[in-house]
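Asker: After the structure tokens below, expect a handful of questions from me.
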Amino acid sequence: MSAAKILVVEDEVITSTAIKEQLNQLGYTVVDKVASGSAAIKSVAKSSPDLVLMDITLKKGDIDGVTAAARIREEFKIPVVYLTAHSDEATLDRAKVTEAFGYIIKPFADRDLRIAIEMALNKHRAEQLVEEATAQKLAEHERTEAQIKASLQEKEVLLKEVHHRVKNNFQIISSLLSLQSNSIQDERCREVFKISQNRIESMALVHEKLYLSENLAQIDFADYIKGLVADLMSSYQVDSDTIDIRVIAERAFLSLGTAIACGLIINELVLNAFKYGFPEGRSGEVYINFCSEDDGKFSLAISDNGIGFPQDLDFKHTESLGLQLVNALTAQLGGTIELNRDKGTEYKITFTEMPREGVVPY
Ligand SMILES: Nc1ncnc2c1ncn2[C@@H]1O[C@H](COP(=O)(O)OP(=O)(O)O)[C@@H](O)[C@H]1O
Ligand SMILES: [Mg+2]
């Protein structure tokens, strides 16, 4: 290792000359020799020494040794060893808090000077190593964090894109069915096409709500129900003066899979109410009530005050697909379904979130 370069700050010429001589003999290079604090700061900027030997009580200039040392530490990160002629306790106390790398009391022997310098240089090197390692770790950490953030953002964009496309594809399927049904004369057959379209659209709406929402994994189900009901009313041209639909839905978030299953159930039961509850222009009300209950359970009630569900029909074992779907989807949710036919028709479904988050039932 090349000889350490040292700046000597000492206002007594004889002392500074002696120190310079002593340092040279010890094999150090004295880069400069100045007499005041401000000259020391200037010299450090110019000669960039490895260490500064600083007289604490400089009489010349506006700043003393302690102040100059603090500035040198802060601006240039160079170790400073204090030189002091006598034990000026107050100055020494100040010196201690300026991150001193040691001090040496004049006059000093070669051995003491060398030990003080070497200890300061070693301490400084050790500190630098720690600083470098810390900075490296920090930079690495920041890089990883930025990478994770970027990849998360990328995935969110991708997920939005996927929901968008799934929704578009569902809509294309629905349009294809609509186009195909235009060529069908048979009323019943056209109806079958239309019901299929509604089922597809109820699923498309889940994906639409998902890519429009902040949270890509969960859907505001109250908001979804309102959208679904509006779509069903316009699709079946329900006159709101004749059939009044009332939605009471608590703001709650459901995962994709649960929302799809519930959406299909609502689709079936509300359409049934429209289709069978009010024959021959009867008027009445359809209620949808969605709320969360204790233990993470949700309750979904769909009712109408129409003519009532046929007494002789077992709603759990129908020949028709609609209620079969409702029963199967309720089972898939791990829920229960009850039918109350005292006044009109009321279905009450109770379920919890699907155990496997985000699993889509198709
Ligand atoms: N809200 C309701 N009011 C009166 N009858 C209903 C109601 N919901 C269902 N039904 C009766 O239950 C039957 C089975 O319904 P569903 O399984 O959905 O079959 P689909 O709608 O294909 O006829 C219907 O045909 C109808 O007679
Ligand atoms: Mg039906």
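The way I read the labels, and the way they are meant: chains A, B, ... in the order of the structure tokens, residue 1 as the first residue of every chain, and ligand 1 as the first ligand shown, with later ones counted on from there.
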Around ligand 2, at most 7 Å away and counting only C-alpha atoms and all ligand atoms, which residues are there? Put them as a PyMOL selection string, please.

Answerer: chain A and resi 268-269+271-272+322-323

Asker: Can I get the selection written as a PDB file, in the first residue's frame, with C-alpha atoms?

Answerer:
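Once written, out_4.pdb looks like this:
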```pdb
ATOM      1  CA  GLU A 268     -82.764 -18.112 -13.629  1.00  0.00           C
ATOM      2  CA  LEU A 269     -84.968 -17.133 -10.701  1.00  0.00           C
ATOM      3  CA  LEU A 271     -86.549 -14.720 -15.313  1.00  0.00           C
ATOM      4  CA  ASN A 272     -88.874 -17.331 -13.825  1.00  0.00           C
ATOM      5  CA  GLY A 322     -83.687 -23.848 -15.106  1.00  0.00           C
ATOM      6  CA  LEU A 323     -84.290 -25.135 -11.570  1.00  0.00           C
TER       7      LEU A 323
END
```

Asker: Which residues are near ligand 1 in this structure, taking near to mean any atom at most 8 Å from a ligand atom and counting only C-alpha atoms and all ligand atoms? Format them as a ChimeraX atom specification.

Answerer: /A:268-278,303-304,306-310,313,315,318-325,344-346

Asker: For a test of reading the model, state the distance in Å between atom CA of Thr330 of chain A and atom CA of Val206 of chain A, rounded to one decimal.

Answerer: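 Separating atom CA of Thr330 of chain A from atom CA of Val206 of chain A is a distance of 17.6 Å.
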
Asker: Quick one: everything within 9 Å of segment 52-67 of chain A, counting only C-alpha atoms, minus sequence neighbours fewer than 4 positions away in the same chain. Send it as a PyMOL selection string.

Answerer: chain A and resi 5-12+35-40+44+71-72+78-85+88+91-92+94-95+98+103+117

Asker: Output C-alpha atoms of each residue in that selection to a file, as a PDB file, in the first residue's frame.

Answerer:
```pdb
ATOM      1  CA  LYS A   5      -1.319  11.183   2.468  1.00  0.00           C
ATOM      2  CA  ILE A   6      -1.743  13.495   5.415  1.00  0.00           C
ATOM      3  CA  LEU A   7      -2.815  17.105   5.791  1.00  0.00           C
ATOM      4  CA  VAL A   8      -1.404  18.901   8.829  1.00  0.00           C
ATOM      5  CA  VAL A   9      -3.488  21.714  10.340  1.00  0.00           C
ATOM      6  CA  GLU A  10      -1.474  23.573  12.980  1.00  0.00           C
ATOM      7  CA  ASP A  11      -1.147  27.289  13.621  1.00  0.00           C
ATOM      8  CA  GLU A  12       2.213  27.191  15.370  1.00  0.00           C
ATOM      9  CA  ALA A  35      -2.723  27.105   9.800  1.00  0.00           C
ATOM     10  CA  SER A  36      -6.485  27.695   9.929  1.00  0.00           C
ATOM     11  CA  GLY A  37      -9.767  25.816   9.812  1.00  0.00           C
ATOM     12  CA  SER A  38     -11.002  27.380   6.590  1.00  0.00           C
ATOM     13  CA  ALA A  39      -7.618  26.835   4.908  1.00  0.00           C
ATOM     14  CA  ALA A  40      -7.877  23.195   5.993  1.00  0.00           C
ATOM     15  CA  VAL A  44      -8.800  18.998   1.641  1.00  0.00           C
ATOM     16  CA  ARG A  71     -17.200  19.940   8.076  1.00  0.00           C
ATOM     17  CA  ILE A  72     -14.422  17.798   6.670  1.00  0.00           C
ATOM     18  CA  ILE A  78     -12.050  11.938   5.566  1.00  0.00           C
ATOM     19  CA  PRO A  79     -10.901  10.815   9.027  1.00  0.00           C
ATOM     20  CA  VAL A  80      -9.594  13.522  11.349  1.00  0.00           C
ATOM     21  CA  VAL A  81      -7.234  12.944  14.288  1.00  0.00           C
ATOM     22  CA  TYR A  82      -7.040  15.813  16.766  1.00  0.00           C
ATOM     23  CA  LEU A  83      -3.839  17.254  18.087  1.00  0.00           C
ATOM     24  CA  THR A  84      -4.026  18.909  21.445  1.00  0.00           C
ATOM     25  CA  ALA A  85      -1.347  20.554  23.545  1.00  0.00           C
ATOM     26  CA  ASP A  88      -8.769  21.689  27.507  1.00  0.00           C
ATOM     27  CA  THR A  91     -12.910  21.522  23.760  1.00  0.00           C
ATOM     28  CA  LEU A  92     -12.181  17.833  24.120  1.00  0.00           C
ATOM     29  CA  ARG A  94     -16.945  18.967  21.875  1.00  0.00           C
ATOM     30  CA  ALA A  95     -14.359  17.068  19.867  1.00  0.00           C
ATOM     31  CA  THR A  98     -17.755  15.188  16.094  1.00  0.00           C
ATOM     32  CA  TYR A 103      -6.692  12.382  19.424  1.00  0.00           C
ATOM     33  CA  ILE A 117      -2.797   7.457  12.477  1.00  0.00           C
TER      34      ILE A 117
END
```

Asker: Might you pull out every residue within 9 Å of Leu216 of chain A, with only C-alpha atoms counted and same-chain residues fewer than 3 positions away left off, and present them as a list of chain:residue names?

Answerer: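 Here the answer would be A:Glu156, A:Leu159, A:Lys160, A:His163, A:Leu210, A:Tyr211, A:Leu212, A:Ser213, A:Ile219.
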
Asker: I need the residue nearest Lys226 of chain A from this list: A:Ile266, A:Asn305, A:Thr258, A:Ser196. Use only C-alpha atoms for the distance.

Answerer: A:Ile266

Asker: Tell me, which residues of segment 118-347 of chain A carry DSSP strand (DSSP E or B), written as an MDAnalysis selection string?

Answerer: chainID A and resid 218:220 243:249 253:255 284:292 297:304 336:340 345:347

Asker: Find the residues around Phe108 of chain A up to 10 Å (only C-alpha atoms counted), leave out those fewer than 4 positions away in its own chain, and share them as a PDB file with N, CA and C atoms, in the first residue's frame.

Answerer:
```
ATOM      1  N   ILE A  19       6.091  18.405  13.099  1.00  0.00           N
ATOM      2  CA  ILE A  19       5.182  17.282  12.821  1.00  0.00           C
ATOM      3  C   ILE A  19       5.407  16.769  11.407  1.00  0.00           C
ATOM      4  N   LEU A  83      -5.087  17.015  17.360  1.00  0.00           N
ATOM      5  CA  LEU A  83      -3.839  17.254  18.087  1.00  0.00           C
ATOM      6  C   LEU A  83      -4.180  18.239  19.188  1.00  0.00           C
ATOM      7  N   ALA A  85      -2.546  20.300  22.765  1.00  0.00           N
ATOM      8  CA  ALA A  85      -1.347  20.554  23.545  1.00  0.00           C
ATOM      9  C   ALA A  85      -1.615  20.356  25.023  1.00  0.00           C
ATOM     10  N   ILE A 104      -4.445  12.950  19.945  1.00  0.00           N
ATOM     11  CA  ILE A 104      -3.097  12.686  20.437  1.00  0.00           C
ATOM     12  C   ILE A 104      -2.575  13.959  21.106  1.00  0.00           C
ATOM     13  N   ASP A 112       3.419   6.735  19.239  1.00  0.00           N
ATOM     14  CA  ASP A 112       2.044   7.161  19.525  1.00  0.00           C
ATOM     15  C   ASP A 112       1.403   7.768  18.286  1.00  0.00           C
ATOM     16  N   LEU A 113       2.220   8.563  17.557  1.00  0.00           N
ATOM     17  CA  LEU A 113       1.687   9.211  16.354  1.00  0.00           C
ATOM     18  C   LEU A 113       1.291   8.150  15.330  1.00  0.00           C
ATOM     19  N   ARG A 114       2.196   7.191  15.135  1.00  0.00           N
ATOM     20  CA  ARG A 114       1.910   6.163  14.139  1.00  0.00           C
ATOM     21  C   ARG A 114       0.662   5.351  14.536  1.00  0.00           C
TER      22      ARG A 114
END
```

Asker: Determine the nearest neighbour of Cys291 of chain A from the options A:Tyr236, A:Phe351, A:Phe193, A:Phe170, counting only C-alpha atoms.

Answerer: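 Among the listed residues, A:Phe351 lies closest to Cys291 of chain A.
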
Asker: Fewer than 4 positions away in the same chain doesn't count, so skip those; otherwise give me all residues within 8 Å of Gln22 of chain A, counting only C-alpha atoms, as a ChimeraX atom specification.

Answerer: /A:18,26,110

Asker: Residues as selected, N, CA and C atoms, written as a PDB file, in the first residue's frame, can you do that?

Answerer:
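Dumped everything to out12.pdb:
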```pdb
ATOM      1  N   ALA A  18       7.785  20.600  12.745  1.00  0.00           N
ATOM      2  CA  ALA A  18       8.269  19.403  13.449  1.00  0.00           C
ATOM      3  C   ALA A  18       7.408  18.189  13.124  1.00  0.00           C
ATOM      4  N   LEU A  26       8.330   8.832   9.378  1.00  0.00           N
ATOM      5  CA  LEU A  26       7.516   7.621   9.599  1.00  0.00           C
ATOM      6  C   LEU A  26       7.042   7.028   8.262  1.00  0.00           C
ATOM      7  N   ASP A 110       7.010   9.127  18.257  1.00  0.00           N
ATOM      8  CA  ASP A 110       6.741   8.544  16.931  1.00  0.00           C
ATOM      9  C   ASP A 110       5.716   7.426  17.008  1.00  0.00           C
TER      10      ASP A 110
END
```

Asker: Please extract the residues of segment 86-326 of chain A with a backbone DSSP assignment of helix (DSSP H, G or I) and present them as a PyMOL selection string.

Answerer: chain A and resi 89-96+110-182+187-212+221-235+256-277+294-296+321-326

Asker: Of the candidates A:Ala68, A:Leu23, A:Leu177, A:Ala252, which one gets nearest to Glu191 of chain A if we count only C-alpha atoms?

Answerer: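 So, comparing all the options, the nearest one is A:Leu177.
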
Asker: Check the smallest atom-to-atom distance from each of A:Leu51, A:Ile148, A:Val130, A:Ile173 to Ala3 of chain A using only C-alpha atoms, then report the winner.

Answerer: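 Comparing A:Leu51, A:Ile148, A:Val130, A:Ile173 against Ala3 of chain A, the winner is A:Leu51.
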
Asker: Nearest to Asp50 of chain A: which of A:Glu214, A:Asp239, A:Glu118, A:Glu293 is it, counting only C-alpha atoms?

Answerer: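 Closest to Asp50 of chain A of all the choices is A:Glu118.
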
Asker: My list of candidates is A:Pro279, A:Gly102, A:Gly284, A:Pro107. Which is closest to His124 of chain A when distances are computed with only C-alpha atoms?

Answerer: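 Distance minimum relative to His124 of chain A lands on A:Gly102.
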
Asker: In Å, with one decimal, what is the gap from atom CA of Ile302 of chain A to atom CA of Tyr287 of chain A?

Answerer: 5.7 Å

Asker: Can you measure atom CA of Tyr347 of chain A to atom CA of Gly263 of chain A for me? One decimal in Å is fine.

Answerer: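 Going from atom CA of Tyr347 of chain A over to atom CA of Gly263 of chain A covers 14.6 Å.
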